[in-house]
file protein.cif (mmCIF, C-alpha atoms and all ligand atoms)
data_upload
loop_
_atom_site.label_atom_id
_atom_site.label_comp_id
_atom_site.auth_asym_id
_atom_site.auth_seq_id
_atom_site.Cartn_x
_atom_site.Cartn_y
_atom_site.Cartn_z
CA MET A 1 66.19 4.74 -75.97
CA ALA A 2 62.48 5.25 -75.71
CA SER A 3 62.36 5.28 -71.93
CA GLU A 4 64.90 8.11 -71.88
CA ASP A 5 62.97 10.01 -74.54
CA THR A 6 59.77 9.89 -72.57
CA GLY A 7 61.34 10.08 -69.13
CA ARG A 8 62.37 13.70 -69.50
CA LEU A 9 60.75 16.64 -71.13
CA ALA A 10 62.67 19.69 -72.36
CA GLY A 11 61.18 23.14 -71.92
CA ALA A 12 61.30 26.34 -69.94
CA TRP A 13 60.59 27.03 -66.30
CA HIS A 14 58.99 30.24 -65.06
CA PRO A 15 59.28 31.03 -61.33
CA PRO A 16 56.10 32.19 -59.55
CA ARG A 17 55.06 35.79 -60.36
CA SER A 18 58.12 36.33 -62.51
CA SER A 19 58.78 36.97 -66.18
CA LEU A 20 62.06 35.05 -65.87
CA SER A 21 62.43 32.04 -68.14
CA VAL A 22 64.93 29.30 -67.30
CA GLU A 23 65.85 26.48 -69.64
CA ALA A 24 64.83 23.34 -67.77
CA LEU A 25 63.98 19.63 -67.85
CA LEU A 26 60.91 18.03 -66.38
CA VAL A 27 61.47 14.52 -65.07
CA CYS A 28 59.28 12.06 -63.28
CA GLU A 29 60.74 10.56 -60.15
CA GLY A 30 58.49 8.01 -58.56
CA ARG A 31 55.07 9.68 -58.43
CA ARG A 32 56.55 13.20 -58.44
CA PHE A 33 57.27 15.75 -61.15
CA VAL A 34 60.62 17.46 -60.69
CA VAL A 35 61.90 20.46 -62.66
CA ARG A 36 65.69 20.72 -62.88
CA ASP A 37 67.90 23.32 -64.54
CA ALA A 38 70.74 22.46 -66.92
CA ALA A 39 73.10 21.95 -63.97
CA GLY A 40 70.68 19.50 -62.33
CA ALA A 41 69.52 21.82 -59.55
CA ARG A 42 65.96 21.32 -58.36
CA LEU A 43 63.69 24.25 -59.36
CA ALA A 44 60.24 22.87 -58.50
CA GLU A 45 58.72 19.64 -57.33
CA ALA A 46 55.24 18.27 -56.67
CA GLY A 47 53.19 15.08 -56.70
CA VAL A 48 51.99 14.04 -60.16
CA ALA A 49 48.34 14.41 -59.21
CA SER A 50 48.76 17.93 -57.81
CA VAL A 51 50.25 19.37 -61.02
CA GLU A 52 47.75 20.95 -63.35
CA VAL A 53 48.48 19.99 -66.97
CA SER A 54 46.84 21.99 -69.77
CA ALA A 55 44.91 20.10 -72.43
CA ARG A 56 46.54 19.56 -75.78
CA VAL A 57 45.24 22.10 -78.27
CA GLY A 58 47.03 21.95 -81.63
CA SER A 59 50.60 23.22 -81.27
CA VAL A 60 49.91 25.53 -78.34
CA PRO A 61 52.69 25.02 -75.73
CA ARG A 62 51.76 22.62 -72.95
CA ARG A 63 51.79 24.04 -69.41
CA PHE A 64 52.49 22.24 -66.17
CA THR A 65 51.37 24.47 -63.29
CA PHE A 66 52.79 23.70 -59.85
CA ALA A 67 51.01 24.49 -56.60
CA ASP A 68 53.53 27.25 -55.77
CA GLY A 69 52.52 29.06 -58.97
CA SER A 70 55.63 28.22 -60.94
CA LEU A 71 55.17 26.99 -64.45
CA PHE A 72 56.90 24.53 -66.75
CA GLU A 73 56.17 25.03 -70.44
CA THR A 74 57.07 22.86 -73.45
CA VAL A 75 56.33 23.01 -77.17
CA ASP A 76 57.15 19.31 -77.57
CA ASN A 77 53.55 18.11 -77.38
CA ASP A 78 54.15 14.61 -78.68
CA THR A 79 56.79 13.84 -76.10
CA ALA A 80 54.61 15.51 -73.46
CA ASP A 81 51.83 13.02 -74.24
CA LEU A 82 54.17 10.04 -73.95
CA PHE A 83 55.71 11.54 -70.83
CA LEU A 84 52.33 12.01 -69.20
CA ARG A 85 51.23 8.52 -70.07
CA SER A 86 54.36 6.94 -68.64
CA ALA A 87 53.98 9.13 -65.55
CA GLY A 88 50.41 7.89 -65.13
CA ALA A 89 49.10 11.44 -65.15
CA ARG A 90 45.83 12.57 -66.69
CA PRO A 91 46.59 13.27 -70.32
CA GLY A 92 44.82 16.35 -71.64
CA GLY A 93 42.94 16.77 -74.86
CA PHE A 94 39.72 15.48 -76.35
CA VAL A 95 41.30 12.55 -78.18
CA HIS A 96 42.66 11.27 -74.92
CA TRP A 97 39.27 11.68 -73.34
CA LEU A 98 37.78 9.55 -76.11
CA GLU A 99 40.44 6.90 -75.65
CA GLN A 100 39.80 6.78 -71.98
CA PHE A 101 36.01 6.82 -72.18
CA ARG A 102 35.28 4.74 -75.23
CA PRO A 103 32.67 2.58 -73.43
CA ARG A 104 30.95 5.73 -72.21
CA LEU A 105 31.06 7.17 -75.73
CA VAL A 106 29.38 4.06 -77.14
CA VAL A 107 26.62 4.44 -74.55
CA ILE A 108 26.18 8.12 -75.41
CA VAL A 109 25.97 7.42 -79.15
CA LEU A 110 23.42 4.66 -78.55
CA ALA A 111 21.38 6.97 -76.34
CA VAL A 112 21.35 9.63 -79.06
CA ILE A 113 20.17 7.09 -81.63
CA VAL A 114 17.41 5.84 -79.35
CA LEU A 115 16.37 9.42 -78.59
CA ALA A 116 16.26 10.35 -82.28
CA ALA A 117 14.17 7.28 -83.08
CA GLY A 118 11.89 8.19 -80.18
CA VAL A 119 11.44 11.70 -81.56
CA TYR A 120 10.26 10.25 -84.88
CA ARG A 121 8.13 7.59 -83.30
CA PHE A 122 6.44 9.74 -80.64
CA ALA A 123 7.24 13.44 -80.96
CA LEU A 124 6.37 13.73 -84.64
CA PRO A 125 2.83 12.32 -84.29
CA ALA A 126 2.35 14.48 -81.18
CA LEU A 127 3.50 17.59 -83.05
CA VAL A 128 1.15 16.73 -85.92
CA GLU A 129 -1.76 16.71 -83.47
CA VAL A 130 -0.67 20.03 -81.96
CA ALA A 131 -0.36 21.56 -85.43
CA ILE A 132 -3.89 20.41 -86.30
CA VAL A 133 -5.26 22.02 -83.15
CA VAL A 134 -3.51 25.34 -83.79
CA THR A 135 -4.46 25.46 -87.48
CA PRO A 136 -7.04 28.19 -87.99
CA PRO A 137 -10.10 27.01 -89.99
CA VAL A 138 -9.29 29.45 -92.77
CA VAL A 139 -6.23 27.37 -93.71
CA PRO A 140 -8.06 24.20 -94.82
CA GLN A 141 -10.57 26.44 -96.58
CA LEU A 142 -7.88 28.25 -98.57
CA MET A 143 -6.07 25.01 -99.37
CA SER A 144 -9.28 23.37 -100.54
CA GLN A 145 -10.35 26.33 -102.67
CA GLY A 146 -6.91 26.50 -104.26
CA THR A 147 -6.89 22.79 -105.02
CA MET A 148 -10.42 22.83 -106.39
CA SER A 149 -9.77 25.73 -108.74
CA THR A 150 -6.56 24.07 -109.96
CA LEU A 151 -8.49 20.88 -110.71
CA ASP A 152 -11.32 22.73 -112.42
CA ARG A 153 -8.86 24.59 -114.60
CA ALA A 154 -6.64 21.65 -115.48
CA ILE A 155 -8.61 18.41 -115.31
CA PHE A 156 -12.31 18.54 -114.58
CA SER A 157 -15.20 19.79 -116.64
CA GLU A 158 -18.82 20.34 -115.74
CA SER A 159 -20.81 17.23 -114.88
CA THR A 160 -23.02 15.90 -117.66
CA LEU A 161 -25.07 13.92 -115.18
CA ASP A 162 -28.83 14.35 -115.44
CA PRO A 163 -30.01 16.92 -112.84
CA THR A 164 -32.65 14.52 -111.49
CA ARG A 165 -29.99 11.88 -110.91
CA GLN A 166 -27.77 14.47 -109.25
CA ALA A 167 -30.66 15.42 -106.93
CA GLU A 168 -31.20 11.73 -106.00
CA ILE A 169 -27.57 11.22 -105.08
CA ARG A 170 -27.47 14.55 -103.25
CA ALA A 171 -30.49 13.48 -101.16
CA GLY A 172 -28.81 10.20 -100.21
CA PHE A 173 -25.61 12.06 -99.40
CA GLY A 174 -27.60 14.44 -97.15
CA GLU A 175 -28.92 11.42 -95.23
CA ILE A 176 -25.48 9.99 -94.47
CA ALA A 177 -23.88 13.40 -93.86
CA ALA A 178 -26.64 14.04 -91.28
CA ARG A 179 -25.28 11.01 -89.35
CA SER A 180 -21.75 12.41 -89.29
CA GLU A 181 -20.36 14.09 -86.22
CA ALA A 182 -19.91 17.45 -87.97
CA GLY A 183 -23.42 17.43 -89.45
CA PRO A 184 -24.60 17.91 -93.04
CA GLU A 185 -23.56 21.60 -93.21
CA ALA A 186 -19.93 20.56 -92.83
CA PHE A 187 -19.88 18.95 -96.27
CA ALA A 188 -20.50 20.09 -99.82
CA LEU A 189 -21.00 17.52 -102.57
CA ASN A 190 -19.76 18.46 -106.05
CA PHE A 191 -20.37 16.64 -109.32
CA ARG A 192 -17.72 16.83 -112.01
CA HIS A 193 -16.76 15.13 -115.24
CA GLY A 194 -13.46 13.45 -114.31
CA GLY A 195 -11.67 13.63 -117.67
CA ILE A 196 -8.32 11.88 -117.40
CA THR A 197 -8.94 10.93 -113.77
CA GLY A 198 -11.92 8.79 -114.79
CA PRO A 199 -13.95 7.21 -111.96
CA ASN A 200 -12.93 9.20 -108.93
CA ALA A 201 -14.10 10.53 -105.59
CA PHE A 202 -12.12 12.52 -103.07
CA ALA A 203 -12.47 14.88 -100.16
CA LEU A 204 -10.70 18.16 -99.40
CA PRO A 205 -9.95 19.17 -95.81
CA ASP A 206 -12.69 21.82 -95.66
CA GLY A 207 -15.39 19.21 -96.34
CA THR A 208 -15.60 19.67 -100.09
CA ILE A 209 -16.35 16.27 -101.60
CA VAL A 210 -16.12 15.55 -105.31
CA ILE A 211 -17.55 12.62 -107.23
CA THR A 212 -17.08 12.14 -110.96
CA ASP A 213 -19.70 11.13 -113.50
CA GLU A 214 -17.49 8.18 -114.37
CA LEU A 215 -17.68 6.79 -110.84
CA ILE A 216 -21.46 7.11 -110.78
CA GLU A 217 -21.54 5.29 -114.11
CA LEU A 218 -19.23 2.57 -112.75
CA ALA A 219 -21.66 1.95 -109.87
CA GLY A 220 -24.31 1.07 -112.45
CA GLY A 221 -27.35 2.14 -110.44
CA ASP A 222 -26.08 0.75 -107.12
CA ASP A 223 -26.75 3.90 -105.10
CA ASP A 224 -25.57 2.36 -101.84
CA MET A 225 -22.20 1.76 -103.50
CA ILE A 226 -21.98 5.45 -104.40
CA LEU A 227 -23.03 6.49 -100.90
CA GLY A 228 -20.60 4.00 -99.34
CA VAL A 229 -17.76 5.69 -101.23
CA LEU A 230 -19.01 9.15 -100.21
CA ALA A 231 -19.27 8.03 -96.58
CA HIS A 232 -15.67 6.84 -96.84
CA GLU A 233 -14.69 10.34 -98.05
CA ILE A 234 -16.64 11.92 -95.17
CA GLY A 235 -14.47 9.72 -92.94
CA HIS A 236 -11.30 11.23 -94.42
CA VAL A 237 -12.65 14.73 -93.65
CA GLU A 238 -13.84 13.93 -90.13
CA HIS A 239 -10.55 12.32 -89.19
CA GLU A 240 -8.64 15.23 -90.79
CA HIS A 241 -6.54 12.78 -92.76
CA SER A 242 -5.29 15.20 -95.39
CA LEU A 243 -4.08 17.83 -92.90
CA ARG A 244 -2.47 15.09 -90.89
CA GLN A 245 -0.74 13.67 -93.95
CA LEU A 246 0.34 17.14 -95.05
CA TYR A 247 1.79 17.94 -91.66
CA ARG A 248 3.56 14.62 -91.49
CA ALA A 249 5.12 15.46 -94.84
CA ALA A 250 6.16 18.87 -93.49
CA GLY A 251 8.46 16.99 -91.12
CA LEU A 252 9.83 17.89 -87.76
CA ALA A 253 11.41 21.19 -88.80
CA GLY A 254 8.33 22.38 -90.66
CA LEU A 255 6.06 21.52 -87.74
CA VAL A 256 8.25 23.23 -85.17
CA MET A 257 8.27 26.35 -87.38
CA LEU A 258 4.54 26.17 -87.79
CA ILE A 259 3.73 25.67 -84.12
CA ALA A 260 6.39 28.10 -82.90
CA GLY A 261 4.41 30.94 -84.40
CA ASP A 262 5.89 31.25 -87.84
CA ILE A 263 2.50 30.12 -89.04
CA GLY A 264 2.34 32.84 -91.67
CA SER A 265 5.25 31.86 -93.84
CA ALA A 266 5.01 28.13 -93.18
CA MET A 267 1.38 28.19 -94.26
CA GLU A 268 2.19 30.33 -97.27
CA ASP A 269 4.58 27.63 -98.41
CA ILE A 270 1.95 24.96 -98.01
CA LEU A 271 -0.63 27.05 -99.83
CA ALA A 272 1.81 27.96 -102.58
CA GLN A 273 2.31 24.28 -103.28
CA GLY A 274 -1.31 24.17 -104.44
CA GLY A 275 -0.90 20.65 -105.77
CA GLY A 276 0.43 19.47 -102.41
CA LEU A 277 -2.94 18.14 -101.38
CA LEU A 278 -3.34 16.19 -104.59
CA ALA A 279 0.05 14.55 -104.37
CA LEU A 280 -0.76 13.13 -100.95
CA SER A 281 -1.91 9.61 -100.52
CA TYR A 282 -3.40 8.52 -97.26
CA SER A 283 -1.72 6.00 -95.04
CA ARG A 284 -3.10 2.46 -94.81
CA ASP A 285 -4.34 3.25 -91.34
CA ALA A 286 -6.19 6.31 -92.61
CA GLU A 287 -7.85 4.20 -95.31
CA ARG A 288 -8.92 1.60 -92.77
CA GLU A 289 -10.34 4.35 -90.59
CA ALA A 290 -12.29 5.81 -93.52
CA ASP A 291 -13.58 2.33 -94.42
CA ARG A 292 -14.90 1.86 -90.88
CA HIS A 293 -16.43 5.33 -91.00
CA SER A 294 -18.28 4.32 -94.15
CA VAL A 295 -19.62 1.21 -92.41
CA ASP A 296 -20.74 3.27 -89.39
CA LEU A 297 -22.50 5.99 -91.39
CA MET A 298 -24.20 3.53 -93.73
CA LEU A 299 -25.46 1.50 -90.78
CA ALA A 300 -26.68 4.65 -89.04
CA ALA A 301 -28.53 5.71 -92.20
CA GLY A 302 -30.13 2.26 -92.51
CA ARG A 303 -28.20 1.46 -95.67
CA ASP A 304 -25.99 -1.44 -96.69
CA PRO A 305 -22.77 -1.25 -94.63
CA LEU A 306 -21.01 -3.61 -97.06
CA ALA A 307 -21.50 -1.19 -99.95
CA ILE A 308 -17.91 0.09 -99.68
CA ASP A 309 -16.70 -3.50 -99.98
CA ARG A 310 -18.86 -3.96 -103.10
CA PHE A 311 -17.13 -0.92 -104.52
CA PHE A 312 -13.75 -2.53 -103.98
CA ALA A 313 -14.98 -5.73 -105.60
CA ARG A 314 -16.16 -3.62 -108.53
CA ILE A 315 -12.86 -1.83 -109.06
CA GLU A 316 -10.66 -4.86 -108.54
CA PRO A 317 -10.62 -5.86 -112.21
CA ILE A 318 -9.79 -2.27 -113.22
CA ILE A 319 -6.75 -2.01 -110.97
CA GLY A 320 -3.57 -2.73 -112.84
CA ASN A 321 -5.17 -1.31 -115.96
CA GLU A 322 -3.08 1.42 -117.56
CA ARG A 323 -5.80 3.99 -117.06
CA THR A 324 -5.87 3.41 -113.34
CA THR A 325 -7.03 6.63 -111.77
CA SER A 326 -5.70 8.24 -108.66
CA LEU A 327 -8.65 7.05 -106.59
CA LEU A 328 -8.18 3.47 -107.68
CA ALA A 329 -4.42 3.69 -107.23
CA THR A 330 -4.69 5.15 -103.74
CA HIS A 331 -7.48 2.78 -102.73
CA PRO A 332 -5.98 -0.62 -103.35
CA ALA A 333 -8.68 -3.19 -102.69
CA THR A 334 -6.43 -5.73 -101.08
CA ALA A 335 -8.00 -8.96 -99.82
CA GLU A 336 -6.77 -7.97 -96.38
CA ARG A 337 -8.58 -4.66 -96.54
CA ARG A 338 -11.81 -6.22 -97.76
CA GLN A 339 -11.60 -8.80 -95.00
CA ALA A 340 -11.15 -6.00 -92.44
CA ILE A 341 -14.34 -4.36 -93.72
CA ALA A 342 -16.27 -7.62 -93.56
CA ASP A 343 -15.00 -8.24 -90.02
CA TYR A 344 -15.96 -4.76 -88.90
CA VAL A 345 -19.45 -5.06 -90.40
CA ALA A 346 -19.91 -8.39 -88.61
CA GLU A 347 -18.73 -6.84 -85.36
CA ARG A 348 -20.98 -3.81 -85.69
CA THR A 349 -24.11 -5.74 -86.73
CA ALA A 350 -23.60 -8.20 -83.86
CA GLU A 351 -23.73 -5.26 -81.42
CA ARG A 352 -27.13 -4.23 -82.70
CA PRO A 353 -30.26 -5.70 -81.15
ZN ZN N 401 -9.74 6.78 -98.96
#

call {"tool": "encode", "arguments": {"input": "protein.cif", "output": "C-alpha cells", "more": "lines below"}}
Ligand SMILES: [Zn+2]
result
Amino acid sequence: MASEDTGRLAGAWHPPRSSLSVEALLVCEGRRFVVRDAAGARLAEAGVASVEVSARVGSVPRRFTFADGSLFETVDNDTADLFLRSAGARPGGFVHWLEQFRPRLVVIVLAVIVLAAGVYRFALPALVEVAIVVTPPVVPQLMSQGTMSTLDRAIFSESTLDPTRQAEIRAGFGEIAARSEAGPEAFALNFRHGGITGPNAFALPDGTIVITDELIELAGGDDDMILGVLAHEIGHVEHEHSLRQLYRAAGLAGLVMLIAGDIGSAMEDILAQGGGLLALSYSRDAEREADRHSVDLMLAAGRDPLAIDRFFARIEPIIGNERTTSLLATHPATAERRQAIADYVAERTAERP
C-alpha cells in the first residue's frame, strides 16, 4: 500500500558524536519524526519542523539531522521525497523549489526579459554615446583614410570635371561649410569619377566628403541641388552618423570591450574591416536629421532650402533601375521623407522675419 510505503523510511541511524551505525526506520507520527530500531525502540524524536533535511543532490544519501546531533541517513531518495511530502516537511532540492515557487519563477523570468529589452532600448544607445566621446580623433581619421584608399584603388578614378567647374562647386561648398558648427576646415571636398557607383555623394567620419562627376552631371547645372546634397553629407559628419552606426553594429559586447579600455584591439578589428564603413547604411532617423541639416545650412547660406528635395525628385525615376547606386539605394526618396523636408522648410522659413 502506498501509504505504508511513504509512511516509513528505511535507513541508518547514527547517534550523536559516534561512528556507530544502527539499522533503523524513520516514521512520521503526527507532526513528529521518530527513529526506531528494528525492535521498535525509540532512538530519536523531534518535531517535523525542527529536523534539518538535506537537499536532494543526485544519489547522494539524504540526511535528517536531529537537534541532539543524531543523524538518520537513507539512500532511498525517491521514497524520502514522498515521505517528506506526506509529512508536510520542506522538501529539499531545486526541482522542489521550482514546484513550490512557480509563480515567483514566472515573475523572475518576466523581469529578466523586461530588463534585457531595457538594456537594448536604453543601455545600447547610451553606450554608443559614451563610445563616441571616448573615441580619439585619430580613429575616424584612420578609418576614413583606409576607406578612401580602398575606394580609390577599387572603384573610383580621377575626376574628369573641368577645373573651373570644380572651383565653382568648391566655392559654393566653402560657403555652406562656413555655416556649419565645425567650420569649413572640418571638411574636405573631393571630386571623383564614380565608375560603377555612378551618381554618388558620401561623407566619411573625419569630414572627407566625396562627390562624383556623375552626380554633378545629373544635377544639370542646378548648383543649389549639388550644394543641398553636400550640406546633407555635412549633416552626416556633424551628427557623427557613421561612427554611431558602426558602434551600434558593434553591439553590446563590442561596446563594453571598447569602453572598458580594450580600445586597442577593438579598434584594430574595426579598422581591419576597412569596408565596414561602406557597408553601413544610415538609419531613417539619421537621414531625416541630415535632410534637416541641409535645409538649415542652405537657409543660412542664403540658398534654396528645398534643393535637397529637388534632388530627391530628380533621382526618383532612377530608383528601381538596375544600376541603382549605393547613394540612391541608401537615400530612398519616399513621399513621406519629401513631405518631412517640405514641412521643415515651411517651419523654418515661417520663423524668419
Ligand atoms: Zn544621407

call {"tool": "closest_atom_pairs", "arguments": {"input": "protein.cif", "of": "chain A", "to": "ligand ZN 401 (chain N)", "cutoff": "9 Å", "atoms": "only C-alpha atoms and all ligand atoms", "output": "tab-separated table"}}
result
residue	atom	partner	partner_atom	distance
A:Ala201	CA	N:ZN401	ZN	8.8
A:Phe202	CA	N:ZN401	ZN	7.5
A:Ala203	CA	N:ZN401	ZN	8.6
A:Val229	CA	N:ZN401	ZN	8.4
A:His232	CA	N:ZN401	ZN	6.3
A:Glu233	CA	N:ZN401	ZN	6.2
A:Gly235	CA	N:ZN401	ZN	8.2
A:His236	CA	N:ZN401	ZN	6.5
A:Ser281	CA	N:ZN401	ZN	8.5
A:Tyr282	CA	N:ZN401	ZN	6.8
A:Ser283	CA	N:ZN401	ZN	9.0
A:Arg284	CA	N:ZN401	ZN	8.9
A:Ala286	CA	N:ZN401	ZN	7.3
A:Glu287	CA	N:ZN401	ZN	4.9
A:Arg288	CA	N:ZN401	ZN	8.1
A:Glu289	CA	N:ZN401	ZN	8.7
A:Ala290	CA	N:ZN401	ZN	6.1
A:Asp291	CA	N:ZN401	ZN	7.4
A:Leu327	CA	N:ZN401	ZN	7.7
A:Thr330	CA	N:ZN401	ZN	7.1
A:His331	CA	N:ZN401	ZN	5.9

call {"tool": "closest_residue", "arguments": {"input": "protein.cif", "among": "A:Leu105, A:Ala41, A:Ala10, A:Leu255", "to": "Leu243 of chain A", "atoms": "only C-alpha atoms"}}
result
A:Leu255

call {"tool": "closest_residue", "arguments": {"input": "protein.cif", "among": "A:Ile259, A:Val237, A:Ala111, A:Cys28", "to": "Arg85 of chain A", "atoms": "only C-alpha atoms"}}
result
A:Cys28

call {"tool": "residues_around", "arguments": {"input": "protein.cif", "residues": "Arg31 of chain A", "least_positions_apart": "6", "cutoff": "9 Å", "atoms": "all atoms listed in the file", "output": "JSON, numbers by chain"}}
result
{"A": [46, 47, 48, 49, 87, 88]}

call {"tool": "atom_distance", "arguments": {"input": "protein.cif", "atom1": "atom CA of Val53 of chain A", "atom2": "atom CA of Val109 of chain A"}}
result
28.5 Å

call {"tool": "closest_residue", "arguments": {"input": "protein.cif", "among": "A:Leu9, A:Glu347, A:Arg62, A:Ile234", "to": "Arg36 of chain A", "atoms": "all atoms listed in the file"}}
result
A:Leu9

call {"tool": "atom_distance", "arguments": {"input": "protein.cif", "atom1": "atom CA of Ala342 of chain A", "atom2": "atom CA of Ile209 of chain A"}}
result
25.2 Å

call {"tool": "atom_distance", "arguments": {"input": "protein.cif", "atom1": "atom CA of Gly251 of chain A", "atom2": "atom CA of Val130 of chain A"}}
result
13.3 Å

call {"tool": "residues_around", "arguments": {"input": "protein.cif", "residues": "Tyr247 of chain A", "least_positions_apart": "5", "cutoff": "10 Å", "atoms": "all atoms listed in the file", "output": "list in words"}}
result
Leu124, Pro125, Leu127, Val128, Glu129, Ala131, Ile132, His241, Ser242, Leu252, Gly254, Leu255, Leu258 and Ile270 of chain A
